[in-house]
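S.K.: Handing you a structure now.
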Amino acid sequence: MKSVTVFCGSSTGTSPEYVDLARRLGREIAHRDLTLVFGGGRVGLMGAVADAALKAGGEVIGVIPQALMDKELGHTGVSQLRITRSMHERKALMEQEADGFIALPGGFGTLDEFCEILTWAQLGIHEKPCGLLDTGSGFFQHLRAFFDDAVEAGFVRADHRAMVLEDTDPTSLLHRMSAWTPTTTPKWINETPVP
């Protein structure tokens with residue numbers, strides 16, 4: 001693993017632990033000589049993870065759509081800032097540039113990005129590790145419970161659920177992602193007719 005895309009909020013949230021976690025992750029990515037790929041913003045957790053990686057001497061690639069660049073939200077201090085025409089193009093480029101993916105706390109955009117990349121793994125479009133880096137207070141506890149409920153309800157296979165690597169420590173999560181072996185389930189659709 002040479003690069004990691006981090007999905008996270010463009011806000012800092014209401015607790016200092018969110019920013020602290022983003023900074024710890026940014027530092028750890030740099031210390032491992034990994035390239036950080038992120039949403040290109042200078043604000044919120046995006047700015048915090050990028051600034052921490054840069055301060056620790058890391059390579060940082062920002063990917064931001066022109067519409068957000070026009071609002072002066074782009075982080076111009078990164079190693080590379082790539083401007084896309086759309087959000088769709090942004091997500092595709094972030095996938096292309098990464099060997100793994102981590103979600104930090106965030107809102108709708110973070111959830112959208114992480115679930116889309118997880119779906120691509122489920123479908124075999126990529127075989128890269130996907131991790132949730134949670135806070136000590138359990139920011140992602142309800143999302144993890146939803147994933148478990150989806151397995152129990154028959155909408156997600158247990159081996160696909162296991163593709164979500166979870167941790168509260170950046171060092172541990174990155175270690176697990178580096179050692180991760182993809183699982184393949186050739187047939188994932190239940191072809192049983194509806195009664």
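In the structure tokens, chains take letters A, B, ... by order of appearance, with residues numbered from 1 within each chain and ligands from 1 in the order shown.
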Could you give me, as a list in words, the residues within 6 Å of Val4 in chain A, counting only C-alpha atoms and dropping anything in the same chain fewer than 4 positions from it?
M.R.: Leu36, Val37, Ala98, Asp99, Gly100 and Phe101 of chain A
S.K.: Which of range 15-62 of chain A end up as strand (DSSP E) when DSSP is run on this backbone - answer as a PDB file with C-alpha atoms, in the first residue's frame?
M.R.:
ATOM      1  CA  THR A  35       0.649   9.458   0.027  1.00  0.00           C
ATOM      2  CA  LEU A  36      -2.510  11.015   1.419  1.00  0.00           C
ATOM      3  CA  VAL A  37      -5.313  11.532  -1.096  1.00  0.00           C
ATOM      4  CA  PHE A  38      -8.209  13.633   0.192  1.00  0.00           C
ATOM      5  CA  VAL A  60      -0.586  15.095  -0.088  1.00  0.00           C
ATOM      6  CA  ILE A  61      -2.837  15.043  -3.151  1.00  0.00           C
ATOM      7  CA  GLY A  62      -6.059  17.051  -3.001  1.00  0.00           C
TER       8      GLY A  62
END
S.K.: Of the candidates A:Ser11, A:Gln80, A:Arg27, A:Cys130, which shows the shortest atom-to-atom distance to Gly109 in chain A, using only C-alpha atoms?
M.R.: A:Ser11
S.K.: Using only C-alpha atoms, pick whichever of A:Leu73, A:Asp33, A:Ala145, A:Leu133 has the shortest atom-to-atom distance to Gly57 in chain A.
M.R.: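 Ranked by minimum distance to Gly57 in chain A, first place goes to A:Asp33.
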S.K.: Work out how far apart CA of Leu34 in chain A and CA of Thr171 in chain A are and give it in Å to one decimal.
M.R.: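 These two atoms are separated by 12.4 Å.
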S.K.: I'd like the contact shell of Glu166 in chain A - 12 Å cut-off, only C-alpha atoms, skipping same-chain residues fewer than 6 positions apart - returned as a ChimeraX atom specification.
M.R.: /A:101-104,129-135,138-141,143-144,172-177
S.K.: Kindly save the residues from that selection, with N, CA and C atoms included, as a JSON list (two decimals), in the first residue's frame.
M.R.:
[["chain", "number", "residue", "atom", "x", "y", "z"],
["A", 101, "PHE", "N", -8.69, 2.91, 1.49],
["A", 101, "PHE", "CA", -9.63, 3.98, 1.80],
["A", 101, "PHE", "C", -9.97, 3.98, 3.29],
["A", 102, "ILE", "N", -10.02, 5.18, 3.87],
["A", 102, "ILE", "CA", -10.40, 5.33, 5.28],
["A", 102, "ILE", "C", -11.45, 6.42, 5.40],
["A", 103, "ALA", "N", -12.47, 6.14, 6.18],
["A", 103, "ALA", "CA", -13.47, 7.16, 6.52],
["A", 103, "ALA", "C", -13.24, 7.63, 7.94],
["A", 104, "LEU", "N", -13.13, 8.93, 8.09],
["A", 104, "LEU", "CA", -13.15, 9.61, 9.38],
["A", 104, "LEU", "C", -14.57, 10.14, 9.59],
["A", 129, "PRO", "N", -8.40, -2.33, 0.48],
["A", 129, "PRO", "CA", -9.00, -2.32, 1.81],
["A", 129, "PRO", "C", -9.77, -1.03, 2.12],
["A", 130, "CYS", "N", -10.85, -1.18, 2.88],
["A", 130, "CYS", "CA", -11.73, -0.07, 3.27],
["A", 130, "CYS", "C", -11.85, -0.06, 4.79],
["A", 131, "GLY", "N", -11.51, 1.05, 5.42],
["A", 131, "GLY", "CA", -11.53, 1.11, 6.87],
["A", 131, "GLY", "C", -12.33, 2.27, 7.42],
["A", 132, "LEU", "N", -12.95, 2.02, 8.57],
["A", 132, "LEU", "CA", -13.62, 3.06, 9.35],
["A", 132, "LEU", "C", -12.72, 3.38, 10.54],
["A", 133, "LEU", "N", -12.27, 4.62, 10.63],
["A", 133, "LEU", "CA", -11.48, 5.03, 11.79],
["A", 133, "LEU", "C", -12.41, 5.77, 12.73],
["A", 134, "ASP", "N", -12.78, 5.08, 13.80],
["A", 134, "ASP", "CA", -13.79, 5.60, 14.71],
["A", 134, "ASP", "C", -13.16, 6.35, 15.87],
["A", 135, "THR", "N", -13.96, 7.15, 16.51],
["A", 135, "THR", "CA", -13.54, 7.87, 17.72],
["A", 135, "THR", "C", -13.74, 6.97, 18.93],
["A", 138, "GLY", "N", -17.30, 6.52, 19.76],
["A", 138, "GLY", "CA", -18.11, 5.70, 18.87],
["A", 138, "GLY", "C", -18.96, 6.46, 17.86],
["A", 139, "PHE", "N", -18.35, 7.41, 17.16],
["A", 139, "PHE", "CA", -19.09, 8.17, 16.15],
["A", 139, "PHE", "C", -19.79, 7.24, 15.15],
["A", 140, "PHE", "N", -19.13, 6.16, 14.76],
["A", 140, "PHE", "CA", -19.67, 5.27, 13.74],
["A", 140, "PHE", "C", -20.49, 4.10, 14.30],
["A", 141, "GLN", "N", -20.83, 4.13, 15.58],
["A", 141, "GLN", "CA", -21.51, 2.97, 16.17],
["A", 141, "GLN", "C", -22.84, 2.65, 15.48],
["A", 143, "LEU", "N", -23.67, 3.38, 12.34],
["A", 143, "LEU", "CA", -23.38, 2.88, 10.99],
["A", 143, "LEU", "C", -22.95, 1.42, 11.06],
["A", 144, "ARG", "N", -22.10, 1.08, 12.02],
["A", 144, "ARG", "CA", -21.68, -0.32, 12.18],
["A", 144, "ARG", "C", -22.89, -1.20, 12.50],
["A", 172, "SER", "N", -2.90, 1.11, 14.15],
["A", 172, "SER", "CA", -3.44, -0.24, 14.06],
["A", 172, "SER", "C", -4.24, -0.43, 12.78],
["A", 173, "LEU", "N", -5.08, 0.55, 12.42],
["A", 173, "LEU", "CA", -5.89, 0.42, 11.22],
["A", 173, "LEU", "C", -5.02, 0.36, 9.97],
["A", 174, "LEU", "N", -4.02, 1.23, 9.86],
["A", 174, "LEU", "CA", -3.14, 1.21, 8.70],
["A", 174, "LEU", "C", -2.35, -0.08, 8.61],
["A", 175, "HIS", "N", -1.95, -0.63, 9.76],
["A", 175, "HIS", "CA", -1.25, -1.92, 9.77],
["A", 175, "HIS", "C", -2.16, -3.03, 9.24],
["A", 176, "ARG", "N", -3.40, -3.05, 9.70],
["A", 176, "ARG", "CA", -4.36, -4.06, 9.24],
["A", 176, "ARG", "C", -4.67, -3.90, 7.75],
["A", 177, "MET", "N", -4.75, -2.67, 7.29],
["A", 177, "MET", "CA", -5.01, -2.44, 5.88],
["A", 177, "MET", "C", -3.84, -2.92, 5.01]]
S.K.: Excluding Thr183 in chain A and its own-chain neighbours fewer than 5 positions away, which residues fall within 8 Å of it when counting only C-alpha atoms? Please give them as a list of chain:residue names.
M.R.: A:Asp159, A:His160, A:Met163
S.K.: Go through range 67-92 of chain A and flag each residue having an atom no more than 9 Å from range 39-54 of chain A; for those, report the closest pair of atoms plus their distance in Å to one decimal, using only C-alpha atoms, ordered by chain and rising number, as a tab-separated table.
M.R.:
residue	atom	partner	partner_atom	distance
A:Leu68	CA	A:Gly41	CA	8.3
A:Met69	CA	A:Gly41	CA	8.4
A:Glu72	CA	A:Gly41	CA	9.0
A:Leu73	CA	A:Gly41	CA	5.4
A:Gly74	CA	A:Gly41	CA	4.6
A:His75	CA	A:Arg42	CA	4.3
A:Thr76	CA	A:Arg42	CA	7.9
A:Gly77	CA	A:Asp51	CA	8.6
A:Val78	CA	A:Leu54	CA	7.3
A:Ser79	CA	A:Leu54	CA	8.3
A:Leu81	CA	A:Gly40	CA	6.7
A:Arg82	CA	A:Gly40	CA	7.9
A:Ile83	CA	A:Gly40	CA	8.6
A:Arg90	CA	A:Gly39	CA	8.0
A:Lys91	CA	A:Gly39	CA	8.7
